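To be precise, the following lines are coords.cif, and they hold mmCIF, C-alpha atoms.
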data_final
#
loop_
_atom_site.label_atom_id
_atom_site.label_comp_id
_atom_site.auth_asym_id
_atom_site.auth_seq_id
_atom_site.Cartn_x
_atom_site.Cartn_y
_atom_site.Cartn_z
CA MET T 1 40.65 82.44 -97.11
CA THR T 2 37.23 83.36 -98.45
CA GLN T 3 34.95 85.68 -96.53
CA THR T 4 33.49 82.64 -94.75
CA ALA T 5 35.10 79.20 -94.58
CA THR T 6 35.10 75.96 -92.61
CA ARG T 7 38.11 73.75 -92.01
CA VAL T 8 39.87 71.56 -89.46
CA LEU T 9 41.83 73.63 -86.94
CA ASP T 10 45.57 73.11 -86.75
CA PRO T 11 47.45 72.84 -83.42
CA GLY T 12 48.71 76.41 -83.70
CA GLU T 13 45.16 77.69 -83.30
CA LEU T 14 44.80 76.32 -79.76
CA GLY T 15 44.66 79.77 -78.18
CA ALA T 16 41.87 80.96 -80.46
CA ALA T 17 39.91 77.75 -79.90
CA LEU T 18 40.23 78.00 -76.12
CA ALA T 19 39.08 81.63 -76.20
CA ILE T 20 35.82 80.50 -77.80
CA LEU T 21 35.42 77.47 -75.56
CA GLU T 22 36.09 79.41 -72.37
CA SER T 23 33.62 82.15 -73.31
CA GLU T 24 30.88 79.76 -72.13
CA PRO T 25 32.66 77.65 -69.48
CA VAL T 26 29.64 75.70 -68.22
CA VAL T 27 28.01 74.90 -71.57
CA ASN T 28 31.34 73.95 -73.17
CA ALA T 29 32.87 72.09 -70.21
CA PHE T 30 32.89 68.69 -71.93
CA VAL T 31 34.86 69.77 -74.99
CA THR T 32 36.97 72.34 -73.13
CA SER T 33 38.20 69.69 -70.70
CA ARG T 34 39.37 67.51 -73.59
CA VAL T 35 41.07 70.35 -75.45
CA GLN T 36 42.87 71.62 -72.35
CA VAL T 37 44.43 68.17 -71.92
CA ALA T 38 44.90 67.01 -75.51
CA GLY T 39 45.22 70.20 -77.54
CA LEU T 40 43.94 70.08 -81.11
CA ASP T 41 45.83 67.06 -82.42
CA PRO T 42 43.05 64.76 -83.74
CA TRP T 43 44.72 61.58 -82.50
CA ARG T 44 45.08 62.84 -78.92
CA LEU T 45 41.76 64.68 -78.98
CA GLY T 46 39.84 61.69 -80.25
CA GLY T 47 38.37 63.66 -83.12
CA GLU T 48 38.67 66.74 -85.27
CA MET T 49 37.91 70.30 -84.24
CA TRP T 50 36.21 72.15 -87.06
CA GLY T 51 36.33 75.90 -87.21
CA TRP T 52 34.02 78.34 -88.94
CA TYR T 53 35.72 81.56 -90.01
CA ALA T 54 34.22 84.89 -90.97
CA ASP T 55 36.47 87.58 -92.46
CA GLY T 56 39.49 85.43 -91.61
CA ARG T 57 38.63 85.19 -87.90
CA LEU T 58 37.62 82.04 -86.03
CA ARG T 59 34.03 82.50 -84.81
CA SER T 60 32.50 79.06 -84.09
CA LEU T 61 33.62 75.49 -83.47
CA CYS T 62 32.30 71.97 -83.89
CA TYR T 63 33.88 68.92 -82.27
CA SER T 64 33.63 65.85 -84.50
CA GLY T 65 34.52 62.64 -82.71
CA ALA T 66 32.42 60.03 -80.94
CA ASN T 67 30.00 62.93 -80.49
CA LEU T 68 29.23 65.79 -82.87
CA VAL T 69 29.11 68.94 -80.74
CA PRO T 70 28.37 72.47 -82.04
CA ILE T 71 30.16 75.10 -79.96
CA CYS T 72 29.15 78.77 -79.87
CA ALA T 73 27.76 78.07 -83.34
CA THR T 74 25.96 80.82 -85.20
CA PRO T 75 23.17 79.83 -87.64
CA GLU T 76 25.51 80.28 -90.59
CA ALA T 77 28.18 78.18 -88.87
CA VAL T 78 25.64 75.44 -88.16
CA ARG T 79 24.77 75.26 -91.86
CA ALA T 80 28.46 75.02 -92.77
CA PHE T 81 29.10 72.32 -90.15
CA ALA T 82 26.06 70.36 -91.33
CA GLU T 83 27.31 70.40 -94.91
CA ARG T 84 30.75 69.22 -93.86
CA ALA T 85 29.26 66.46 -91.69
CA ARG T 86 26.93 65.39 -94.49
CA ARG T 87 29.81 65.08 -96.94
CA ALA T 88 31.95 63.14 -94.46
CA GLY T 89 29.17 60.73 -93.49
CA ARG T 90 28.11 59.85 -89.98
CA ARG T 91 30.92 58.61 -87.77
CA CYS T 92 29.53 59.72 -84.39
CA SER T 93 27.23 57.89 -81.98
CA SER T 94 25.40 61.08 -81.00
CA ILE T 95 24.89 64.76 -81.68
CA VAL T 96 24.78 66.77 -78.47
CA GLY T 97 24.92 70.42 -77.51
CA PRO T 98 22.85 73.50 -76.68
CA THR T 99 19.28 73.01 -77.86
CA GLU T 100 18.96 75.63 -80.58
CA PRO T 101 22.08 74.95 -82.68
CA THR T 102 21.81 71.19 -82.10
CA ALA T 103 18.19 71.13 -83.26
CA GLU T 104 19.09 73.03 -86.43
CA LEU T 105 22.11 70.80 -87.05
CA TRP T 106 19.90 67.72 -86.78
CA ARG T 107 17.21 69.24 -89.00
CA LEU T 108 19.81 69.67 -91.73
CA LEU T 109 21.41 66.24 -91.23
CA GLU T 110 18.32 64.10 -90.65
CA PRO T 111 17.54 63.57 -94.38
CA ASN T 112 20.95 61.92 -94.79
CA TRP T 113 21.68 60.58 -91.30
CA GLY T 114 18.20 59.66 -90.06
CA PRO T 115 16.39 58.07 -88.55
CA ALA T 116 17.89 58.48 -85.09
CA ARG T 117 17.43 55.81 -82.44
CA ASP T 118 16.24 58.49 -79.99
CA VAL T 119 15.96 62.28 -79.91
CA ARG T 120 15.97 63.98 -76.53
CA ALA T 121 14.96 67.48 -77.46
CA ASN T 122 14.99 69.09 -74.03
CA GLN T 123 17.58 68.20 -71.39
CA PRO T 124 17.69 70.94 -68.74
CA LEU T 125 21.18 72.18 -67.89
CA MET T 126 21.52 72.73 -64.14
CA VAL T 127 24.23 74.41 -62.05
CA THR T 128 25.17 75.18 -58.49
CA GLU T 129 28.05 76.95 -56.77
CA GLN T 130 27.46 75.88 -53.18
CA LEU T 131 26.61 72.98 -50.92
CA PRO T 132 22.92 72.59 -50.05
CA PRO T 133 22.29 73.93 -46.52
CA GLY T 134 19.54 71.43 -45.75
CA VAL T 135 21.10 68.18 -47.04
CA GLU T 136 23.82 66.38 -45.11
CA PRO T 137 26.41 64.73 -47.40
CA ASP T 138 26.38 60.95 -47.13
CA PRO T 139 29.64 59.99 -45.32
CA GLY T 140 29.42 56.58 -46.97
CA VAL T 141 30.06 58.06 -50.43
CA GLN T 142 33.78 57.74 -51.04
CA ARG T 143 36.23 58.20 -53.89
CA ILE T 144 36.66 54.95 -55.83
CA HIS T 145 40.17 53.48 -56.09
CA LYS T 146 41.76 51.35 -58.79
CA ASP T 147 41.34 48.12 -56.82
CA GLN T 148 37.57 48.72 -56.77
CA LEU T 149 37.09 48.77 -60.56
CA ASP T 150 35.50 45.32 -60.56
CA VAL T 151 33.00 46.51 -57.97
CA ILE T 152 32.02 49.76 -59.68
CA MET T 153 31.90 48.47 -63.28
CA PRO T 154 28.56 46.56 -63.10
CA ALA T 155 26.87 49.68 -61.70
CA CYS T 156 28.38 51.81 -64.48
CA VAL T 157 27.12 49.37 -67.12
CA ALA T 158 23.65 49.29 -65.52
CA MET T 159 23.48 53.11 -65.44
CA PHE T 160 24.59 53.48 -69.06
CA THR T 161 22.16 50.84 -70.31
CA GLU T 162 19.27 52.36 -68.38
CA GLU T 163 20.07 55.91 -69.50
CA VAL T 164 21.07 55.39 -73.14
CA GLY T 165 19.02 52.33 -74.00
CA VAL T 166 21.89 50.15 -75.24
CA SER T 167 24.67 48.35 -73.40
CA PRO T 168 28.16 49.90 -73.48
CA LEU T 169 29.48 46.34 -73.79
CA ALA T 170 28.12 46.00 -77.33
CA GLY T 171 30.41 46.32 -80.33
CA ASP T 172 33.93 46.19 -78.91
CA GLY T 173 32.95 44.21 -75.84
CA GLY T 174 33.06 47.33 -73.72
CA LEU T 175 36.78 48.02 -74.05
CA LEU T 176 36.39 51.74 -74.72
CA TYR T 177 33.78 52.17 -72.01
CA GLN T 178 35.83 50.30 -69.43
CA ALA T 179 38.85 52.40 -70.33
CA ARG T 180 36.82 55.59 -69.76
CA VAL T 181 35.59 54.35 -66.37
CA ALA T 182 39.17 53.44 -65.43
CA GLU T 183 40.34 56.89 -66.55
CA LEU T 184 37.85 58.63 -64.24
CA VAL T 185 38.79 56.33 -61.35
CA ALA T 186 42.50 57.04 -61.89
CA ALA T 187 41.77 60.78 -61.93
CA GLY T 188 39.94 60.52 -58.59
CA ARG T 189 36.62 61.59 -60.11
CA SER T 190 34.54 58.46 -59.50
CA PHE T 191 32.45 58.24 -56.31
CA ALA T 192 30.18 55.61 -54.80
CA ARG T 193 28.57 54.26 -51.68
CA ILE T 194 29.28 50.55 -51.39
CA ASP T 195 27.32 48.47 -48.88
CA ASP T 196 28.27 44.81 -48.38
CA GLY T 197 30.20 44.81 -51.63
CA LYS T 198 27.35 46.29 -53.66
CA VAL T 199 27.18 49.77 -55.19
CA VAL T 200 24.00 51.47 -53.99
CA PHE T 201 24.83 54.99 -55.26
CA LYS T 202 27.39 56.27 -57.73
CA ALA T 203 28.30 59.35 -59.75
CA GLU T 204 31.32 60.72 -61.59
CA ILE T 205 32.77 64.12 -62.29
CA GLY T 206 33.09 63.62 -66.02
CA ALA T 207 34.30 66.88 -67.53
CA ALA T 208 36.52 69.11 -65.43
CA THR T 209 38.15 72.48 -66.11
CA PRO T 210 39.39 75.15 -63.68
CA GLN T 211 36.18 77.11 -64.38
CA ALA T 212 33.48 74.41 -64.25
CA CYS T 213 32.90 70.69 -63.96
CA GLN T 214 30.08 68.37 -64.93
CA ILE T 215 28.61 65.53 -62.91
CA GLN T 216 27.49 62.49 -64.89
CA GLY T 217 26.43 58.90 -64.40
CA VAL T 218 24.27 59.48 -61.34
CA TRP T 219 22.69 56.14 -60.39
CA VAL T 220 20.95 54.52 -57.44
CA ALA T 221 20.44 50.76 -57.34
CA PRO T 222 16.76 50.08 -58.11
CA GLU T 223 16.02 48.40 -54.78
CA TYR T 224 17.39 51.44 -52.90
CA ARG T 225 15.44 54.12 -54.74
CA GLY T 226 13.02 56.34 -52.85
CA ARG T 227 15.18 56.48 -49.72
CA GLY T 228 16.82 59.85 -50.37
CA LEU T 229 20.18 58.37 -51.31
CA SER T 230 20.37 60.46 -54.47
CA GLU T 231 20.19 63.72 -52.48
CA THR T 232 22.70 62.80 -49.77
CA GLY T 233 24.93 61.09 -52.32
CA MET T 234 24.90 64.08 -54.64
CA ALA T 235 25.67 66.38 -51.72
CA ALA T 236 28.74 64.26 -51.00
CA VAL T 237 29.91 64.42 -54.63
CA LEU T 238 29.26 68.17 -54.66
CA ARG T 239 31.44 68.60 -51.59
CA HIS T 240 34.35 66.95 -53.40
CA ALA T 241 33.70 68.81 -56.66
CA LEU T 242 33.55 72.27 -55.13
CA ALA T 243 36.53 71.66 -52.84
CA ASP T 244 38.85 69.93 -55.30
CA VAL T 245 37.77 70.60 -58.89
CA ALA T 246 35.92 73.81 -59.85
CA PRO T 247 33.79 76.65 -58.41
CA VAL T 248 30.77 75.77 -60.58
CA VAL T 249 29.22 72.32 -60.84
CA SER T 250 26.81 71.41 -63.63
CA LEU T 251 24.83 68.50 -65.00
CA TYR T 252 22.10 67.93 -67.54
CA VAL T 253 19.09 65.67 -67.24
CA ASN T 254 16.22 64.45 -69.40
CA ASP T 255 13.17 66.67 -69.04
CA PHE T 256 10.91 63.64 -68.57
CA ASN T 257 12.92 62.48 -65.54
CA THR T 258 10.88 64.53 -63.09
CA ALA T 259 12.12 62.61 -60.05
CA ALA T 260 15.77 63.33 -60.86
CA ARG T 261 15.08 67.00 -61.59
CA ALA T 262 13.29 67.38 -58.25
CA SER T 263 16.16 65.62 -56.48
CA TYR T 264 18.76 67.90 -58.06
CA ARG T 265 16.73 70.99 -57.12
CA ARG T 266 16.66 69.81 -53.51
CA VAL T 267 20.45 69.65 -53.60
CA GLY T 268 20.61 73.25 -54.81
CA PHE T 269 20.86 72.92 -58.59
CA ARG T 270 18.94 75.43 -60.72
CA GLU T 271 18.11 75.27 -64.41
CA VAL T 272 20.05 77.75 -66.59
CA GLY T 273 19.55 76.38 -70.10
CA ALA T 274 18.98 73.18 -72.03
CA PHE T 275 20.85 70.63 -74.11
CA MET T 276 19.61 68.34 -76.85
CA SER T 277 20.87 64.86 -77.70
CA VAL T 278 20.36 62.83 -80.86
CA LEU T 279 21.29 59.18 -80.29
CA PHE T 280 22.16 56.72 -83.06
#
Hey, can you dump this file as structure tokens for me?
Amino acid sequence: MTQTATRVLDPGELGAALAILESEPVVNAFVTSRVQVAGLDPWRLGGEMWGWYADGRLRSLCYSGANLVPICATPEAVRAFAERARRAGRRCSSIVGPTEPTAELWRLLEPNWGPARDVRANQPLMVTEQLPPGVEPDPGVQRIHKDQLDVIMPACVAMFTEEVGVSPLAGDGGLLYQARVAELVAAGRSFARIDDGKVVFKAEIGAATPQACQIQGVWVAPEYRGRGLSETGMAAVLRHALADVAPVVSLYVNDFNTAARASYRRVGFREVGAFMSVLF
């Protein structure tokens, strides 16, 4: 191997990959959770794991699947990953990761991959390790079961469309998205308050490792907003997450969503960094 090189990791390098991923357990929770379950086999992982090597040692990673995600990527590694991605052509629906390496990755790829549908340059990363002392968890927020998939799915589609700007039902008719929702329900990581057969609050624990987990898909039905349901609902999800999943709970949010950021702060979350997302 040359002094520096980039290539797809093979399954025998799982230990080295996990050492890098677990060095930043909160930031890397999404990819770490997938690798801990699927290993490095591209078919099971849903994408390739690229490695950047210096002096024969694995130093940085980049997950290339439905998302392109730089992981503990040095500036030199980002340049190498960008060149590999440019040669391969865009196959992902987004680039997402810590702000600095993601911004540089996009700067290098934009001439070939642009324009993006949307660039969200600052998405605060927030964490907490405890339940909020001043917010009572909503007892109506319960874990969703398999026989409630038809009830939760319209709320999931509404949340995704509102957040991302396109419907998850486009393209394949929503098969992949519905499978992901069903996967989270089967794992016991989907939560909602359902009143008279209607979802009024929902959230999922998307990524989960023994070190950290990440809440996603937080949504309140429009006609119920402004009633504090997001705070009490999030407190209920936090209670489950901290008791059953991991000692640290994280999420990231768009910087322009001031109402959501204020709500998360009231539930005890604090900002510790920022992500960036480039959406195609």
List the spatial neighbours of stretch 23-35 of chain T as a count of residues only - criterion: any atom at most 6 Å away, only C-alpha atoms, same-chain residues fewer than 3 positions off excluded. 7
For T:Leu238, work out the shell of residues within 12 Å, counting only C-alpha atoms and skipping chain neighbours fewer than 3 positions away, then give it as an mmCIF file with C-alpha atoms, keeping the file's coordinate frame.
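Now in result-v9.cif:
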data_model
loop_
_atom_site.group_PDB
_atom_site.id
_atom_site.type_symbol
_atom_site.label_atom_id
_atom_site.label_comp_id
_atom_site.auth_asym_id
_atom_site.auth_seq_id
_atom_site.Cartn_x
_atom_site.Cartn_y
_atom_site.Cartn_z
ATOM 1 C CA VAL T 127 24.230 74.410 -62.050
ATOM 2 C CA THR T 128 25.170 75.180 -58.490
ATOM 3 C CA GLU T 129 28.050 76.950 -56.770
ATOM 4 C CA GLN T 130 27.460 75.880 -53.180
ATOM 5 C CA LEU T 131 26.610 72.980 -50.920
ATOM 6 C CA PRO T 132 22.920 72.590 -50.050
ATOM 7 C CA VAL T 135 21.100 68.180 -47.040
ATOM 8 C CA GLU T 136 23.820 66.380 -45.110
ATOM 9 C CA PRO T 137 26.410 64.730 -47.400
ATOM 10 C CA ASP T 138 26.380 60.950 -47.130
ATOM 11 C CA VAL T 141 30.060 58.060 -50.430
ATOM 12 C CA GLN T 142 33.780 57.740 -51.040
ATOM 13 C CA ARG T 189 36.620 61.590 -60.110
ATOM 14 C CA PHE T 191 32.450 58.240 -56.310
ATOM 15 C CA ALA T 203 28.300 59.350 -59.750
ATOM 16 C CA GLU T 204 31.320 60.720 -61.590
ATOM 17 C CA ILE T 205 32.770 64.120 -62.290
ATOM 18 C CA CYS T 213 32.900 70.690 -63.960
ATOM 19 C CA GLN T 214 30.080 68.370 -64.930
ATOM 20 C CA ILE T 215 28.610 65.530 -62.910
ATOM 21 C CA GLN T 216 27.490 62.490 -64.890
ATOM 22 C CA SER T 230 20.370 60.460 -54.470
ATOM 23 C CA GLU T 231 20.190 63.720 -52.480
ATOM 24 C CA THR T 232 22.700 62.800 -49.770
ATOM 25 C CA GLY T 233 24.930 61.090 -52.320
ATOM 26 C CA MET T 234 24.900 64.080 -54.640
ATOM 27 C CA ALA T 235 25.670 66.380 -51.720
ATOM 28 C CA ALA T 241 33.700 68.810 -56.660
ATOM 29 C CA LEU T 242 33.550 72.270 -55.130
ATOM 30 C CA ALA T 243 36.530 71.660 -52.840
ATOM 31 C CA ASP T 244 38.850 69.930 -55.300
ATOM 32 C CA VAL T 245 37.770 70.600 -58.890
ATOM 33 C CA ALA T 246 35.920 73.810 -59.850
ATOM 34 C CA PRO T 247 33.790 76.650 -58.410
ATOM 35 C CA VAL T 248 30.770 75.770 -60.580
ATOM 36 C CA VAL T 249 29.220 72.320 -60.840
ATOM 37 C CA SER T 250 26.810 71.410 -63.630
ATOM 38 C CA LEU T 251 24.830 68.500 -65.000
ATOM 39 C CA TYR T 264 18.760 67.900 -58.060
ATOM 40 C CA VAL T 267 20.450 69.650 -53.600
ATOM 41 C CA GLY T 268 20.610 73.250 -54.810
ATOM 42 C CA PHE T 269 20.860 72.920 -58.590
#
Two-atom distance - atom CA of T:Cys92, atom CA of T:Leu9 (Å): 18.7 Å
Run through the PyMOL selection byres ((chain T and resi 177) around 12) on the given coordinates and return the selected residues as a PyMOL selection string. chain T and resi 66+153-154+156-157+160-161+167-176+178-184
Explicit residues for the PyMOL selection byres ((chain T and resi 201) around 9) (as a PyMOL selection string): chain T and resi 141+155+191-194+199-200+202-203+218-221+224+229-230+233
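The gap separating atom CA of T:Pro222 from atom CA of T:Ile95 is 28.9 Å, in Å to one decimal.
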Could you please determine the separation between atom CA of T:Ser64 and atom CA of T:Val253 in Å, to one decimal place?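 One can read the atom CA of T:Ser64 to atom CA of T:Val253 distance as 22.6 Å.
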Around the point (20.6, 75.2, -84.8), in the coordinates given by the file, pick out the residues reaching within 10 Å, counting all atoms listed in the file, and return them as a ChimeraX atom specification. /T:70,73-79,82,97-108
Smallest atom-to-atom distance to T:Glu83: which of T:Leu45, T:Val119, T:Leu109, T:Leu68, using all atoms listed in the file? T:Leu109
Neighbour list for T:Asn67 as an MDAnalysis selection string, cut-off 10 Å, only C-alpha atoms, skip fewer than 5 positions in-chain: chainID T and resid 46:47 62 91:97 277:279
Can you pull out the residues contacting T:Ala274? Cut-off 6 Å, using only C-alpha atoms, and skip same-chain residues under 3 positions away; I want them as a ChimeraX atom specification. /T:99,123-125
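Closest to T:Trp52 among T:Val37, T:Ile144, T:Ala19, T:Val8 is T:Val8, based on only C-alpha atoms.
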Show which residues sit within 12 Å of T:Ala54, as a tab-separated table (two decimals) with C-alpha atoms, in the frame of the given file. Count all atoms listed in the file, and ignore same-chain residues fewer than 4 positions away.
chain	number	residue	atom	x	y	z
T	1	MET	CA	40.65	82.44	-97.11
T	2	THR	CA	37.23	83.36	-98.45
T	3	GLN	CA	34.95	85.68	-96.53
T	4	THR	CA	33.49	82.64	-94.75
T	5	ALA	CA	35.10	79.20	-94.58
T	6	THR	CA	35.10	75.96	-92.61
T	7	ARG	CA	38.11	73.75	-92.01
T	58	LEU	CA	37.62	82.04	-86.03
T	59	ARG	CA	34.03	82.50	-84.81
T	60	SER	CA	32.50	79.06	-84.09
T	74	THR	CA	25.96	80.82	-85.20
T	76	GLU	CA	25.51	80.28	-90.59
T	77	ALA	CA	28.18	78.18	-88.87
T	80	ALA	CA	28.46	75.02	-92.77
Name the closest residue to T:Gly188 among the candidates T:Ala88, T:Ala259, T:Val237, T:Val69; distances are taken between atoms, counting all atoms listed in the file. T:Val237
